[in-house]
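Structure first, then comments.
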Amino acid sequence: MSGGIVIVGASHAGISLAEALRKFEYKGPITILEELQGIPTERPPLSKNFLLSDINKSRDSFALRPNSWFEMKDLNLREGIKVLSINREKQVLELSDSGLISYEKLVLATGADPVKLDLGNNFDEFFLLRNVSDAEAIRESALKSKTALVIGGGYIGLEVAASLRTLGLEVVVIETKERLLERVASPFIAKKITDIHKANGVQFYLECSATSVERDDLNQIKVLLNDGNTIFPEMVVMGVGVKPNSDLARSALLKTNEQDKHSIIVDKNFVTDDPNILAIGDVAYQTETSMRIESVDNAQQDAKQAAAFLTGMPTVKREVPWFWSEQYDTKLQAVGIVPDNKAAVESVIRPSRKEGGWSVWTFEADILRSVETLNDASAFAVGKRFISTQIPLSPEEIGNQSVDIKQLYKEKSQVSSDGKNLPLAT
């Protein structure tokens, strides 16, 4: 098969792109090349619902789309096919099955891969979590283990820790930073999440790292820590972050950002320095925003914008980025990006009207930049509206606990629609 649009990666970004192309009435051939064998699956449940599901439950239950969907949309999904190289001059891809495929436009939706620390960790009980096969292996190991070590206190590591603890394992988490979620969450939210895990029996070693993993004379896994402690877990899961999967792009000499783990540099339309090649999702660094966001929502929005560009449709309005995580019976939702300019940042903490719920409203130079919530869907929805519309809001206003935030938004949005408010924040 030749021509048309070829998508490398049946990721959330890749599948969403194919869907948007058909929605925008692109009639040409669309081929999706996926290195992994089997139907593409959702990624978020892998560290949560999948680990807790019955071991006999089919991975199809977590499929991004059923096989019939690809047929209905006239999409050529080719599983178990790796792209070995890109010939940019001839616009041809060399494939792992010895085949070649040409393209009119190529879209790289290759996502990001887990970072693997070299700790001498080449044994069966050591796991990374990237795909459904990894999740299946972790689940099988958990069912025959009593103790686990999770390396990394980010969202993935904490979700895995919560799942393993729910399955009854004793869990230890080590994190190199002085607190959990340091890069992505406010101190208040991080403290609440830490307390929730501790209440569920998880043990933490902060400002701590593993220096080596080996087996002792009794064939036990032995993890040496930089503070002198030693841990003997039956299984280890590493979740210390991800890096953009840009090897294919780099081998084709596309421009990448060395300061951002060699993410692929794209313009506002997600076009690389080759006009016939685009990149979207976790792998793409957009120069217009100087950002690369790792989330399902961002991948889907990239896909819609790229599809609009490829089909000549009007530019799709981009929504403010949002994220979510589930740990035990706690749901964390966040909208916007928590600013790291601590000198100009002010956070306002509001308890929810429902017991146990909280929201953190973070301002940078008096402009609302992010809203994080724990078990407070109402605050998340209102915060998303405030950030999306850029209706001016002050820390003092949101800090007034007697004010109903839904009513506050209603009043301010009415003023905005009447054109009587102050200029919108930028």
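Ordering of the structure tokens sets the chain letters (A, B, ...), residue numbers begin anew at 1 in every chain, and ligands are numbered from 1 in the order given.
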- Item | Who sits within 8 Å of region 349-363 of chain A, only C-alpha atoms, same chain under 6 positions skipped, as a list in words | Ser186, Phe188, Ile189, Val338, Pro339, Arg369, Ser370, Val371, Glu372, Thr373, Leu374, Asn375, Asp376, Ala379, Phe380, Gly383, Pro395, Ile398, Gly399 and Gln401 of chain A
- Query: Which neighbours of region 86-102 of chain A fall inside 10 Å, counting only C-alpha atoms, when residues of the same chain fewer than 5 positions from it are skipped, and could you give them as a ChimeraX atom specification?
  - Reply: /A:1-6,31,33,35,80-81,248-249,251-254,274,276-277
- Message: Please identify the helix (DSSP H, G or I) residues within region 16-255 of chain A (assignment by DSSP from backbone atoms) and present them as a PyMOL selection string.
- Response: chain A and resi 16-23+44-47+49-52+59-62+67-72+132-142+155-166+187-199+247-251
- Message: Quick one: residues within 12 Å of Leu128 (chain A), only C-alpha atoms, excluding same-chain residues fewer than 5 positions away - as a PyMOL selection string?
- Response: chain A and resi 46-47+113-117+121-123+133-138+150-152+156-157+160+235-242
Any idea what's packed within 6 Å of Ala112 (chain A), counting only C-alpha atoms, ignoring anything in its chain fewer than 6 positions away? Could you give it as a compact mmCIF listing (two decimals) with C-alpha atoms, in the first residue's frame?
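Everything below was put into part03.txt:
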# COMPACT_ATOMS: atom_id res chain seq x y z
CA VAL A 242 9.43 8.98 30.71
CA LYS A 243 11.41 10.23 27.74
CA PRO A 244 10.06 11.05 24.27
CA ASN A 245 10.35 8.14 21.86
CA ASP A 282 4.04 13.12 24.24
- Item | region 290-305 of chain A surroundings by only C-alpha atoms, 7 Å radius, close-in-sequence under 3 positions cut, as an MDAnalysis selection string | chainID A and resid 12:13 16:17 20 269 280:282 284:287 308:309 315:316 318 321:323
- Query: Of the residues A:Asp60, A:Phe126, A:Ile337, A:Ile405, which is the one nearest to Ile221 (chain A), using only C-alpha atoms?
  - Reply: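 Once distances to Ile221 (chain A) are computed over only C-alpha atoms, the minimum belongs to A:Phe126.
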- Message: Under the rule that only C-alpha atoms are counted, which of A:Leu206, A:Ala199, A:Leu75, A:Ala63 is the nearest residue to Glu178 (chain A)?
- Response: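 Checking each of A:Leu206, A:Ala199, A:Leu75, A:Ala63 against Glu178 (chain A), counting only C-alpha atoms, the winner is A:Leu206.
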Wanna dump the region 174-278 of chain A-region 162-167 of chain A contacts at 10 Å for me, each residue with its shortest atom pair and the distance in Å to one decimal, counting only C-alpha atoms, ordered by chain and number, as a Markdown table?
| residue | atom | partner | partner_atom | distance |
| --- | --- | --- | --- | --- |
| A:Ile196 | CA | A:Ala162 | CA | 9.6 |
| A:His197 | CA | A:Ala162 | CA | 7.2 |
| A:Asn200 | CA | A:Arg165 | CA | 7.5 |
| A:Gly201 | CA | A:Arg165 | CA | 7.7 |
| A:Val202 | CA | A:Arg165 | CA | 7.3 |
Serialized selection, N, CA and C atoms, as a tab-separated table (two decimals), in the first residue's frame:
chain	number	residue	atom	x	y	z
A	196	ILE	N	-2.57	10.15	52.51
A	196	ILE	CA	-3.51	9.10	52.11
A	196	ILE	C	-2.79	7.77	51.96
A	197	HIS	N	-1.62	7.81	51.32
A	197	HIS	CA	-0.85	6.58	51.15
A	197	HIS	C	-0.36	6.04	52.49
A	200	ASN	N	-2.88	4.23	54.31
A	200	ASN	CA	-3.14	2.91	53.73
A	200	ASN	C	-1.96	1.96	53.91
A	201	GLY	N	-0.94	2.40	54.66
A	201	GLY	CA	0.15	1.49	55.02
A	201	GLY	C	1.38	1.55	54.14
A	202	VAL	N	1.46	2.51	53.20
A	202	VAL	CA	2.64	2.62	52.34
A	202	VAL	C	3.77	3.32	53.11
- Item | 10 Å contact set for Pro40 (chain A), only C-alpha atoms, chain neighbours under 4 positions out, as a VMD selection string | chain A and resid 9 to 12 15 34 36 59 to 60 62 to 67 77 79 131 to 132
Pull C-alpha atoms from the residues just selected and write them as an mmCIF file, in the first residue's frame.
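Just written: selection_11.cif:
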data_model
loop_
_atom_site.group_PDB
_atom_site.id
_atom_site.type_symbol
_atom_site.label_atom_id
_atom_site.label_comp_id
_atom_site.auth_asym_id
_atom_site.auth_seq_id
_atom_site.Cartn_x
_atom_site.Cartn_y
_atom_site.Cartn_z
ATOM 1 C CA GLY A 9 2.059 4.736 16.704
ATOM 2 C CA ALA A 10 -1.402 3.487 17.671
ATOM 3 C CA SER A 11 -1.257 5.689 20.753
ATOM 4 C CA HIS A 12 -4.004 7.925 22.107
ATOM 5 C CA ILE A 15 -5.876 6.864 17.133
ATOM 6 C CA GLU A 34 2.028 -0.068 15.604
ATOM 7 C CA LEU A 36 3.224 -3.790 19.568
ATOM 8 C CA ARG A 59 -7.192 -6.940 27.358
ATOM 9 C CA ASP A 60 -9.881 -6.162 24.776
ATOM 10 C CA PHE A 62 -9.378 -1.910 27.775
ATOM 11 C CA ALA A 63 -9.122 -1.423 24.002
ATOM 12 C CA LEU A 64 -8.953 2.116 22.675
ATOM 13 C CA ARG A 65 -11.325 1.065 19.903
ATOM 14 C CA PRO A 66 -12.755 -2.337 18.905
ATOM 15 C CA ASN A 67 -11.530 -3.987 15.716
ATOM 16 C CA LEU A 77 -4.109 -0.870 11.281
ATOM 17 C CA GLU A 79 0.118 -4.403 14.347
ATOM 18 C CA ASN A 131 1.924 -1.142 27.750
ATOM 19 C CA VAL A 132 -0.650 -3.809 28.477
#
- What is the distance, in Å and to one decimal place, between CA of Thr110 (chain A) and CA of Arg139 (chain A)? 25.1 Å
